[in-house]
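J.: What follows is the file start.cif, containing mmCIF, C-alpha atoms:
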```cif
data_start
loop_
_atom_site.group_PDB
_atom_site.id
_atom_site.type_symbol
_atom_site.label_atom_id
_atom_site.label_comp_id
_atom_site.auth_asym_id
_atom_site.auth_seq_id
_atom_site.Cartn_x
_atom_site.Cartn_y
_atom_site.Cartn_z
ATOM 1 C CA MET A 1 0.000 0.000 0.000
ATOM 2 C CA ALA A 2 1.450 3.345 -1.041
ATOM 3 C CA ASN A 3 2.266 5.467 1.988
ATOM 4 C CA ASP A 4 1.105 8.740 0.519
ATOM 5 C CA ILE A 5 -2.482 9.113 -0.631
ATOM 6 C CA ARG A 6 -2.571 12.892 -0.670
ATOM 7 C CA PHE A 7 -4.959 13.351 -3.612
ATOM 8 C CA PHE A 8 -7.754 11.542 -5.401
ATOM 9 C CA GLU A 9 -8.362 12.258 -9.079
ATOM 10 C CA LEU A 10 -12.002 12.945 -9.943
ATOM 11 C CA ASN A 11 -13.800 12.160 -13.211
ATOM 12 C CA THR A 12 -13.267 15.837 -14.167
ATOM 13 C CA GLY A 13 -9.481 15.333 -14.056
ATOM 14 C CA ALA A 14 -9.207 17.563 -10.968
ATOM 15 C CA LYS A 15 -7.086 16.364 -8.051
ATOM 16 C CA MET A 16 -8.896 16.707 -4.737
ATOM 17 C CA PRO A 17 -6.847 16.662 -1.501
ATOM 18 C CA SER A 18 -7.649 13.396 0.251
ATOM 19 C CA LEU A 19 -8.094 14.926 3.698
ATOM 20 C CA GLY A 20 -10.247 17.963 4.403
ATOM 21 C CA LEU A 21 -11.461 19.887 7.415
ATOM 22 C CA GLY A 22 -15.149 19.347 8.159
ATOM 23 C CA THR A 23 -17.015 22.431 9.392
ATOM 24 C CA TRP A 24 -20.418 20.963 10.333
ATOM 25 C CA GLN A 25 -21.397 21.923 13.892
ATOM 26 C CA SER A 26 -18.325 24.135 14.276
ATOM 27 C CA SER A 27 -19.732 27.062 16.229
ATOM 28 C CA PRO A 28 -19.483 30.595 14.896
ATOM 29 C CA GLY A 29 -16.521 32.199 16.646
ATOM 30 C CA LEU A 30 -14.649 28.879 16.596
ATOM 31 C CA VAL A 31 -14.893 27.840 12.960
ATOM 32 C CA GLY A 32 -12.787 30.718 11.602
ATOM 33 C CA GLU A 33 -9.997 29.934 14.032
ATOM 34 C CA ALA A 34 -10.186 26.235 13.123
ATOM 35 C CA VAL A 35 -9.861 27.034 9.389
ATOM 36 C CA VAL A 36 -6.825 29.273 10.027
ATOM 37 C CA THR A 37 -5.188 26.610 12.221
ATOM 38 C CA ALA A 38 -5.877 23.901 9.640
ATOM 39 C CA ILE A 39 -4.559 25.830 6.639
ATOM 40 C CA LYS A 40 -1.435 26.931 8.529
ATOM 41 C CA ALA A 41 -0.891 23.287 9.550
ATOM 42 C CA GLY A 42 -1.089 22.158 5.910
ATOM 43 C CA TYR A 43 -4.741 21.343 5.159
ATOM 44 C CA ARG A 44 -5.713 22.336 1.615
ATOM 45 C CA HIS A 45 -9.342 21.148 1.575
ATOM 46 C CA ILE A 46 -12.211 22.765 3.514
ATOM 47 C CA ASP A 47 -15.696 21.246 3.457
ATOM 48 C CA CYS A 48 -18.482 23.819 3.872
ATOM 49 C CA ALA A 49 -22.247 24.082 3.406
ATOM 50 C CA GLN A 50 -24.840 26.834 3.414
ATOM 51 C CA ALA A 51 -26.825 24.886 6.011
ATOM 52 C CA TYR A 52 -23.941 24.962 8.512
ATOM 53 C CA GLY A 53 -24.565 28.691 8.989
ATOM 54 C CA ASN A 54 -20.869 29.586 9.171
ATOM 55 C CA GLU A 55 -19.785 30.330 5.574
ATOM 56 C CA LYS A 56 -19.559 34.111 6.188
ATOM 57 C CA GLU A 57 -17.055 33.596 8.982
ATOM 58 C CA ILE A 58 -15.048 31.158 6.850
ATOM 59 C CA GLY A 59 -15.091 33.710 4.006
ATOM 60 C CA LEU A 60 -13.616 36.413 6.252
ATOM 61 C CA VAL A 61 -10.682 34.246 7.314
ATOM 62 C CA LEU A 62 -10.065 32.943 3.784
ATOM 63 C CA ARG A 63 -9.815 36.502 2.500
ATOM 64 C CA LYS A 64 -7.297 37.369 5.228
ATOM 65 C CA LEU A 65 -5.237 34.225 4.540
ATOM 66 C CA PHE A 66 -5.103 35.161 0.830
ATOM 67 C CA GLU A 67 -4.218 38.795 1.588
ATOM 68 C CA ASP A 68 -1.473 37.765 4.022
ATOM 69 C CA GLY A 69 0.028 35.387 1.458
ATOM 70 C CA VAL A 70 -0.421 32.319 3.699
ATOM 71 C CA VAL A 71 -2.040 30.390 0.839
ATOM 72 C CA LYS A 72 -3.248 31.100 -2.709
ATOM 73 C CA ARG A 73 -6.851 30.484 -3.788
ATOM 74 C CA GLU A 74 -5.759 27.969 -6.436
ATOM 75 C CA GLU A 75 -3.972 25.904 -3.759
ATOM 76 C CA LEU A 76 -7.206 25.334 -1.845
ATOM 77 C CA TRP A 77 -10.098 22.965 -2.489
ATOM 78 C CA ILE A 78 -13.360 24.415 -1.211
ATOM 79 C CA THR A 79 -16.572 22.370 -1.236
ATOM 80 C CA SER A 80 -20.064 23.667 -0.476
ATOM 81 C CA LYS A 81 -23.576 22.281 -0.715
ATOM 82 C CA LEU A 82 -27.017 23.215 -2.008
ATOM 83 C CA TRP A 83 -29.577 23.088 0.812
ATOM 84 C CA CYS A 84 -32.955 21.341 0.543
ATOM 85 C CA THR A 85 -34.923 24.630 0.325
ATOM 86 C CA ASP A 86 -33.119 25.652 -2.887
ATOM 87 C CA HIS A 87 -33.839 22.640 -5.113
ATOM 88 C CA ALA A 88 -36.102 24.549 -7.540
ATOM 89 C CA PRO A 89 -33.997 25.035 -10.701
ATOM 90 C CA GLU A 90 -34.457 28.825 -10.559
ATOM 91 C CA ASP A 91 -33.100 28.865 -6.970
ATOM 92 C CA VAL A 92 -29.936 26.817 -7.576
ATOM 93 C CA LEU A 93 -27.861 29.577 -9.188
ATOM 94 C CA GLU A 94 -28.987 32.081 -6.556
ATOM 95 C CA ALA A 95 -28.019 29.665 -3.768
ATOM 96 C CA LEU A 96 -24.511 29.195 -5.150
ATOM 97 C CA ASP A 97 -24.114 32.957 -5.668
ATOM 98 C CA ARG A 98 -25.053 33.426 -1.997
ATOM 99 C CA THR A 99 -22.427 30.881 -0.932
ATOM 100 C CA LEU A 100 -19.799 32.529 -3.169
ATOM 101 C CA ARG A 101 -20.611 35.924 -1.637
ATOM 102 C CA ASP A 102 -20.402 34.518 1.892
ATOM 103 C CA LEU A 103 -17.121 32.703 1.211
ATOM 104 C CA GLN A 104 -15.825 35.702 -0.787
ATOM 105 C CA LEU A 105 -14.859 33.441 -3.704
ATOM 106 C CA GLU A 106 -15.333 33.605 -7.458
ATOM 107 C CA TYR A 107 -15.781 29.865 -7.894
ATOM 108 C CA ILE A 108 -16.234 26.739 -5.793
ATOM 109 C CA ASP A 109 -14.160 23.606 -6.448
ATOM 110 C CA LEU A 110 -17.050 21.251 -5.726
ATOM 111 C CA TYR A 111 -20.770 21.919 -5.247
ATOM 112 C CA LEU A 112 -22.995 19.126 -3.932
ATOM 113 C CA ILE A 113 -26.731 18.529 -3.588
ATOM 114 C CA HIS A 114 -26.693 18.194 0.202
ATOM 115 C CA TRP A 115 -29.565 15.656 0.498
ATOM 116 C CA PRO A 116 -31.943 13.940 -1.951
ATOM 117 C CA VAL A 117 -34.657 15.852 -0.100
ATOM 118 C CA ARG A 118 -36.632 18.979 -1.013
ATOM 119 C CA LYS A 119 -38.265 21.550 1.265
ATOM 120 C CA LYS A 120 -40.339 24.640 0.598
ATOM 121 C CA LYS A 121 -38.268 27.696 -0.227
ATOM 122 C CA GLY A 122 -37.268 29.652 2.859
ATOM 123 C CA SER A 123 -38.797 27.083 5.213
ATOM 124 C CA GLY A 124 -37.558 25.730 8.525
ATOM 125 C CA PHE A 125 -36.752 22.247 9.777
ATOM 126 C CA GLY A 126 -40.238 20.821 10.491
ATOM 127 C CA PRO A 127 -41.546 17.861 8.444
ATOM 128 C CA GLU A 128 -44.542 19.914 7.215
ATOM 129 C CA HIS A 129 -42.100 21.772 4.909
ATOM 130 C CA LEU A 130 -41.071 18.602 3.034
ATOM 131 C CA ILE A 131 -42.198 18.451 -0.632
ATOM 132 C CA GLN A 132 -41.641 16.055 -3.548
ATOM 133 C CA THR A 133 -38.138 16.022 -4.997
ATOM 134 C CA ASP A 134 -37.322 16.445 -8.677
ATOM 135 C CA ILE A 135 -33.648 15.483 -8.687
ATOM 136 C CA PRO A 136 -33.277 15.485 -12.522
ATOM 137 C CA ALA A 137 -34.497 19.112 -12.709
ATOM 138 C CA THR A 138 -32.258 20.191 -9.809
ATOM 139 C CA TRP A 139 -29.323 18.389 -11.427
ATOM 140 C CA ARG A 140 -29.814 20.183 -14.766
ATOM 141 C CA ALA A 141 -29.468 23.474 -12.874
ATOM 142 C CA MET A 142 -26.302 22.124 -11.197
ATOM 143 C CA GLU A 143 -24.936 21.270 -14.668
ATOM 144 C CA THR A 144 -25.460 24.911 -15.680
ATOM 145 C CA LEU A 145 -23.274 26.008 -12.744
ATOM 146 C CA TYR A 146 -20.601 23.616 -14.007
ATOM 147 C CA ASP A 147 -20.922 24.989 -17.563
ATOM 148 C CA LEU A 148 -20.522 28.545 -16.203
ATOM 149 C CA GLY A 149 -17.358 27.581 -14.306
ATOM 150 C CA LYS A 150 -18.852 28.750 -11.011
ATOM 151 C CA ALA A 151 -18.613 25.172 -9.755
ATOM 152 C CA ARG A 152 -15.585 23.360 -11.160
ATOM 153 C CA ALA A 153 -17.065 20.004 -10.183
ATOM 154 C CA ILE A 154 -20.567 18.978 -9.125
ATOM 155 C CA GLY A 155 -21.808 16.056 -7.100
ATOM 156 C CA VAL A 156 -24.210 14.785 -4.493
ATOM 157 C CA SER A 157 -24.308 13.923 -0.804
ATOM 158 C CA ASN A 158 -26.323 11.331 1.127
ATOM 159 C CA PHE A 159 -27.360 9.496 -2.068
ATOM 160 C CA ALA A 160 -27.720 5.725 -1.658
ATOM 161 C CA THR A 161 -27.032 3.377 -4.589
ATOM 162 C CA LYS A 162 -30.399 3.481 -6.369
ATOM 163 C CA LYS A 163 -30.725 7.266 -6.163
ATOM 164 C CA LEU A 164 -27.212 7.677 -7.531
ATOM 165 C CA SER A 165 -27.912 5.146 -10.289
ATOM 166 C CA ASP A 166 -31.130 6.958 -11.276
ATOM 167 C CA LEU A 167 -29.233 10.255 -11.456
ATOM 168 C CA LEU A 168 -26.440 8.757 -13.577
ATOM 169 C CA ASP A 169 -29.109 7.545 -16.042
ATOM 170 C CA VAL A 170 -30.223 11.119 -16.779
ATOM 171 C CA ALA A 171 -27.093 13.202 -16.072
ATOM 172 C CA ARG A 172 -25.313 15.003 -18.918
ATOM 173 C CA VAL A 173 -22.456 15.787 -16.513
ATOM 174 C CA PRO A 174 -22.039 12.807 -14.167
ATOM 175 C CA PRO A 175 -21.571 13.591 -10.474
ATOM 176 C CA ALA A 176 -17.873 13.707 -9.569
ATOM 177 C CA VAL A 177 -18.396 12.909 -5.887
ATOM 178 C CA ASN A 178 -20.918 11.318 -3.529
ATOM 179 C CA GLN A 179 -20.273 12.500 0.027
ATOM 180 C CA VAL A 180 -21.781 10.143 2.588
ATOM 181 C CA GLU A 181 -21.336 8.907 6.133
ATOM 182 C CA CYS A 182 -18.409 6.498 6.040
ATOM 183 C CA HIS A 183 -16.214 5.095 8.803
ATOM 184 C CA ALA A 184 -15.157 1.722 10.195
ATOM 185 C CA VAL A 185 -18.607 1.159 11.767
ATOM 186 C CA TRP A 186 -20.490 2.075 8.541
ATOM 187 C CA GLN A 187 -18.270 1.034 5.656
ATOM 188 C CA GLN A 188 -20.772 1.528 2.803
ATOM 189 C CA THR A 189 -19.677 -1.678 1.036
ATOM 190 C CA LYS A 190 -22.455 -1.752 -1.589
ATOM 191 C CA LEU A 191 -22.367 1.975 -2.361
ATOM 192 C CA ARG A 192 -18.561 2.044 -2.443
ATOM 193 C CA SER A 193 -18.463 -0.736 -5.013
ATOM 194 C CA PHE A 194 -21.127 0.994 -7.157
ATOM 195 C CA CYS A 195 -19.348 4.368 -7.026
ATOM 196 C CA LYS A 196 -16.071 2.746 -8.050
ATOM 197 C CA SER A 197 -17.719 1.008 -11.016
ATOM 198 C CA LYS A 198 -19.159 4.339 -12.226
ATOM 199 C CA GLY A 199 -16.119 6.568 -11.653
ATOM 200 C CA VAL A 200 -17.829 8.549 -8.872
ATOM 201 C CA HIS A 201 -15.462 9.355 -5.995
ATOM 202 C CA LEU A 202 -16.743 8.583 -2.510
ATOM 203 C CA THR A 203 -15.998 11.068 0.274
ATOM 204 C CA GLY A 204 -16.598 10.013 3.881
ATOM 205 C CA TYR A 205 -18.083 12.500 6.305
ATOM 206 C CA SER A 206 -18.063 11.817 10.064
ATOM 207 C CA PRO A 207 -14.972 9.597 9.570
ATOM 208 C CA LEU A 208 -14.480 9.629 13.351
ATOM 209 C CA GLY A 209 -18.190 8.987 13.999
ATOM 210 C CA SER A 210 -18.942 12.599 15.066
ATOM 211 C CA PRO A 211 -17.849 12.203 18.721
ATOM 212 C CA GLY A 212 -18.782 15.811 19.532
ATOM 213 C CA THR A 213 -22.381 15.482 18.344
ATOM 214 C CA THR A 214 -25.253 15.014 20.754
ATOM 215 C CA PHE A 215 -27.813 13.351 18.469
ATOM 216 C CA ILE A 216 -25.480 10.838 16.771
ATOM 217 C CA LYS A 217 -24.763 7.991 19.138
ATOM 218 C CA GLY A 218 -21.821 5.885 18.116
ATOM 219 C CA ASP A 219 -18.401 5.164 19.578
ATOM 220 C CA VAL A 220 -16.391 4.605 16.396
ATOM 221 C CA LEU A 221 -13.160 5.631 18.124
ATOM 222 C CA LYS A 222 -13.799 3.167 20.966
ATOM 223 C CA ASN A 223 -14.158 0.163 18.672
ATOM 224 C CA PRO A 224 -11.912 -2.624 20.067
ATOM 225 C CA ILE A 225 -10.401 -3.523 16.658
ATOM 226 C CA LEU A 226 -9.570 0.110 15.929
ATOM 227 C CA LEU A 227 -8.100 0.590 19.431
ATOM 228 C CA SER A 228 -5.979 -2.536 19.090
ATOM 229 C CA VAL A 229 -4.550 -1.418 15.713
ATOM 230 C CA ALA A 230 -3.858 2.068 17.086
ATOM 231 C CA GLU A 231 -1.980 0.616 20.060
ATOM 232 C CA LYS A 232 0.125 -1.703 17.881
ATOM 233 C CA LEU A 233 1.048 1.105 15.474
ATOM 234 C CA GLY A 234 1.628 3.754 18.140
ATOM 235 C CA LYS A 235 -1.030 6.007 16.589
ATOM 236 C CA THR A 236 -4.196 7.602 17.965
ATOM 237 C CA PRO A 237 -7.556 5.924 17.253
ATOM 238 C CA ALA A 238 -8.506 8.982 15.145
ATOM 239 C CA GLN A 239 -5.368 8.666 12.997
ATOM 240 C CA VAL A 240 -6.087 4.974 12.388
ATOM 241 C CA ALA A 241 -9.749 5.703 11.557
ATOM 242 C CA LEU A 242 -8.683 8.315 8.980
ATOM 243 C CA ARG A 243 -5.853 6.229 7.533
ATOM 244 C CA TRP A 244 -8.281 3.293 7.131
ATOM 245 C CA GLY A 245 -10.494 5.556 4.997
ATOM 246 C CA LEU A 246 -7.618 6.682 2.773
ATOM 247 C CA GLN A 247 -6.465 3.100 2.240
ATOM 248 C CA MET A 248 -10.047 2.118 1.392
ATOM 249 C CA GLY A 249 -9.844 4.696 -1.394
ATOM 250 C CA HIS A 250 -12.077 7.488 -0.140
ATOM 251 C CA SER A 251 -11.360 11.022 1.031
ATOM 252 C CA VAL A 252 -12.043 11.891 4.668
ATOM 253 C CA LEU A 253 -13.387 15.035 6.380
ATOM 254 C CA PRO A 254 -12.542 15.044 10.097
ATOM 255 C CA LYS A 255 -14.141 17.952 11.969
ATOM 256 C CA SER A 256 -12.418 19.599 14.903
ATOM 257 C CA THR A 257 -12.011 23.065 16.378
ATOM 258 C CA ASN A 258 -9.243 21.882 18.736
ATOM 259 C CA GLU A 259 -5.774 22.951 17.551
ATOM 260 C CA ALA A 260 -3.928 19.847 18.764
ATOM 261 C CA ARG A 261 -6.490 17.480 17.209
ATOM 262 C CA ILE A 262 -6.590 19.422 13.917
ATOM 263 C CA LYS A 263 -2.823 18.860 13.629
ATOM 264 C CA GLU A 264 -2.991 15.263 14.869
ATOM 265 C CA ASN A 265 -5.648 14.415 12.253
ATOM 266 C CA LEU A 266 -3.270 15.525 9.489
ATOM 267 C CA ASP A 267 -0.625 13.008 10.536
ATOM 268 C CA VAL A 268 -2.001 10.210 8.378
ATOM 269 C CA PHE A 269 0.650 10.204 5.637
ATOM 270 C CA GLY A 270 4.020 8.466 5.457
ATOM 271 C CA TRP A 271 2.751 5.307 7.199
ATOM 272 C CA SER A 272 0.075 2.709 6.557
ATOM 273 C CA ILE A 273 -1.995 0.041 8.269
ATOM 274 C CA PRO A 274 -0.417 -3.355 7.413
ATOM 275 C CA GLU A 275 -2.609 -5.745 5.415
ATOM 276 C CA ASP A 276 -3.192 -8.230 8.242
ATOM 277 C CA MET A 277 -4.480 -5.478 10.554
ATOM 278 C CA PHE A 278 -6.384 -3.799 7.722
ATOM 279 C CA ALA A 279 -8.276 -7.053 7.037
ATOM 280 C CA LYS A 280 -9.559 -7.067 10.630
ATOM 281 C CA PHE A 281 -11.751 -4.012 9.907
ATOM 282 C CA SER A 282 -14.083 -6.217 7.835
ATOM 283 C CA GLU A 283 -15.099 -7.980 11.088
ATOM 284 C CA ILE A 284 -16.574 -4.812 12.633
ATOM 285 C CA GLU A 285 -20.330 -4.909 13.170
ATOM 286 C CA GLN A 286 -22.013 -2.282 10.970
ATOM 287 C CA GLU A 287 -24.427 0.465 12.024
ATOM 288 C CA ARG A 288 -25.511 3.617 10.220
ATOM 289 C CA LEU A 289 -25.289 6.524 12.677
ATOM 290 C CA VAL A 290 -26.896 9.286 10.566
ATOM 291 C CA LYS A 291 -30.439 7.987 10.087
ATOM 292 C CA GLY A 292 -32.002 11.073 8.442
ATOM 293 C CA ASP A 293 -35.365 10.334 10.103
ATOM 294 C CA PHE A 294 -36.110 14.089 10.159
ATOM 295 C CA PHE A 295 -36.596 13.809 6.370
ATOM 296 C CA VAL A 296 -39.148 11.006 6.627
ATOM 297 C CA HIS A 297 -42.900 11.566 7.157
ATOM 298 C CA ASP A 298 -46.189 9.689 6.663
ATOM 299 C CA THR A 299 -47.681 12.513 4.581
ATOM 300 C CA PHE A 300 -45.100 15.112 3.594
ATOM 301 C CA GLY A 301 -42.154 14.796 1.208
ATOM 302 C CA SER A 302 -40.867 11.885 -0.870
ATOM 303 C CA TYR A 303 -40.056 9.296 1.801
ATOM 304 C CA ARG A 304 -42.395 7.421 4.131
ATOM 305 C CA THR A 305 -39.671 5.356 5.849
ATOM 306 C CA VAL A 306 -35.963 5.588 6.638
ATOM 307 C CA GLU A 307 -35.551 2.508 4.390
ATOM 308 C CA GLU A 308 -36.959 4.483 1.439
ATOM 309 C CA LEU A 309 -34.607 7.388 2.104
ATOM 310 C CA TRP A 310 -31.597 5.045 1.988
ATOM 311 C CA ASP A 311 -32.865 2.621 -0.679
ATOM 312 C CA GLY A 312 -32.867 -0.168 1.896
ATOM 313 C CA GLU A 313 -29.174 0.360 2.763
ATOM 314 C CA ILE A 314 -29.794 0.603 6.468
#
```
Take the structure from the file and write it as structure tokens.
T.:
Amino acid sequence: MANDIRFFELNTGAKMPSLGLGTWQSSPGLVGEAVVTAIKAGYRHIDCAQAYGNEKEIGLVLRKLFEDGVVKREELWITSKLWCTDHAPEDVLEALDRTLRDLQLEYIDLYLIHWPVRKKKGSGFGPEHLIQTDIPATWRAMETLYDLGKARAIGVSNFATKKLSDLLDVARVPPAVNQVECHAVWQQTKLRSFCKSKGVHLTGYSPLGSPGTTFIKGDVLKNPILLSVAEKLGKTPAQVALRWGLQMGHSVLPKSTNEARIKENLDVFGWSIPEDMFAKFSEIEQERLVKGDFFVHDTFGSYRTVEELWDGEI
């Protein structure tokens, strides 16, 4: 296994840094500092989203980093995501323009449909705001952003195999990336194999199992197999969890606002998990931690059950 897996090449030809900083649930006031720490430490990939409510703060620190000559725009990979309330084709361009204004950028490296879920424009989080999706129509608007060069790559997030397959059937520009929950306790075997066969890169969010989150219950970093490998290699459980992802062939987005952990999470190059230890990960019992049940309702929206949302991959 090659020791350095610093980039993954997408179906657009672009090279995406294999490790990025996640910014979900990074509080305003902390996220800017985390981005500065990460970029100064050597991160070149920042994963954002309109729904995280912190793109303005990230934009302010990016501008300062560019002005101070710490990093150039073309050296960074910035991802953002289209929220569920902006799926109407006429709202897609406006949503990206809003993100570009907030981030103070002229283009985004990767723009994703955040969920295969649609909500009424301007609405809140309640299930009564869920409406029927029209992914092909939303995707055509995403393709326009790609044609304009405002998004240099486009993709999806939280799409299970059938939804991704249905999109590939109608897409003029195939999605470059599918960003989904992926870690040792939810390895996405079926989806991973499908993505590979179609040239769609898989990115794993919550690669550490979101230990700082209150509503996701899962102790990925306390898994006995992972702990045993970490001890044998003299690495932290987080480093082993991230390195496992890279060796599986997907990019990883660890989230932290803690300076020591941000740096520690970058130390996943120049070593690898030996094959015998790597094979042990296939014995780990699997459990999806992000259920998405807030997008499921008996009456409203496209999905009546969690199984429908995930095409039975549950």
J.: Determine the residue set returned by the PyMOL selection byres ((chain A and resi 140-150) around 12) for the present structure, and present it as an MDAnalysis selection string.
T.: chainID A and resid 12 79:82 86:101 105:113 134:139 151:156 167:168 170:176
J.: Which residues are close to His297 (chain A), i.e. within 10 Å by only C-alpha atoms, leaving aside same-chain residues fewer than 5 positions away? Reply as an NGL selection string.
T.: :A and (127-128 or 130 or 302-306)
J.: Counting all atoms listed in the file, what is within 9 Å of Asn223 (chain A), bar same-chain residues fewer than 6 positions away, as a list in words?
T.: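 So, after excluding close chain neighbours, the residues are Ala184, Val185, Pro237 and Ile284 of chain A.
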J.: Would you mind listing what lies within 10 Å of Val268 (chain A) as a ChimeraX atom specification, with all atoms listed in the file counted and same-chain residues fewer than 2 positions away left out?
T.: /A:3-6,19,235,238-244,246,264-266,270-272
J.: Kindly give the distance, in Å, that separates CA of Ile225 (chain A) and CA of Lys196 (chain A), rounded to a single decimal.
T.: 26.1 Å
J.: Between CA of Gly29 (chain A) and CA of Val180 (chain A), what is the spacing in Å?
T.: 26.7 Å
J.: Find the residues near Val61 (chain A): any atom within 10 Å, counting all atoms listed in the file, skip ones fewer than 5 places away on the same chain, and give them as JSON, numbers by chain.
T.: {"A": [31, 32, 33, 34, 35, 36, 56, 66, 67, 103, 104]}
J.: Distance CA of Lys120 (chain A)-CA of Cys84 (chain A), one decimal place?
T.: 8.1 Å
J.: Which one of A:Gly13, A:Pro274, A:Gly59, A:Gly42 sits closest to His201 (chain A) if you count only C-alpha atoms?
T.: A:Gly13
J.: Restricting the calculation to only C-alpha atoms: of A:Glu57, A:Asp219, A:Glu231, A:Asp293, which residue gets closest to His183 (chain A)?
T.: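 The closest residue to His183 (chain A) is A:Asp219.
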J.: Taking the file as I've supplied it (selection: the PyMOL selection byres ((chain A and resi 206) around 8)), which residues are included? Please answer as a ChimeraX atom specification.
T.: /A:181-183,204-205,207-210,253-255
J.: Starting from the displayed file, determine the output of the PyMOL selection byres ((chain A and resi 283) around 12) and express the residue list as a CSV table (one decimal) with C-alpha atoms, in the coordinates of the input.
T.:
```csv
chain,number,residue,atom,x,y,z
A,184,ALA,CA,-15.2,1.7,10.2
A,185,VAL,CA,-18.6,1.2,11.8
A,186,TRP,CA,-20.5,2.1,8.5
A,187,GLN,CA,-18.3,1.0,5.7
A,223,ASN,CA,-14.2,0.2,18.7
A,224,PRO,CA,-11.9,-2.6,20.1
A,225,ILE,CA,-10.4,-3.5,16.7
A,226,LEU,CA,-9.6,0.1,15.9
A,277,MET,CA,-4.5,-5.5,10.6
A,278,PHE,CA,-6.4,-3.8,7.7
A,279,ALA,CA,-8.3,-7.1,7.0
A,280,LYS,CA,-9.6,-7.1,10.6
A,281,PHE,CA,-11.8,-4.0,9.9
A,282,SER,CA,-14.1,-6.2,7.8
A,284,ILE,CA,-16.6,-4.8,12.6
A,285,GLU,CA,-20.3,-4.9,13.2
A,286,GLN,CA,-22.0,-2.3,11.0
```
J.: Just checking: using only C-alpha atoms, which residue out of A:Ile39, A:Ile273, A:Phe295, A:Lys190 ends up closest to Gly234 (chain A)?
T.: A:Ile273
J.: Check the smallest atom-to-atom distance from each of A:Tyr52, A:Tyr43, A:Phe300, A:Trp83 to Phe7 (chain A) using all atoms listed in the file, then report the winner.
T.: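 Selected residue with least distance to Phe7 (chain A): A:Tyr43.
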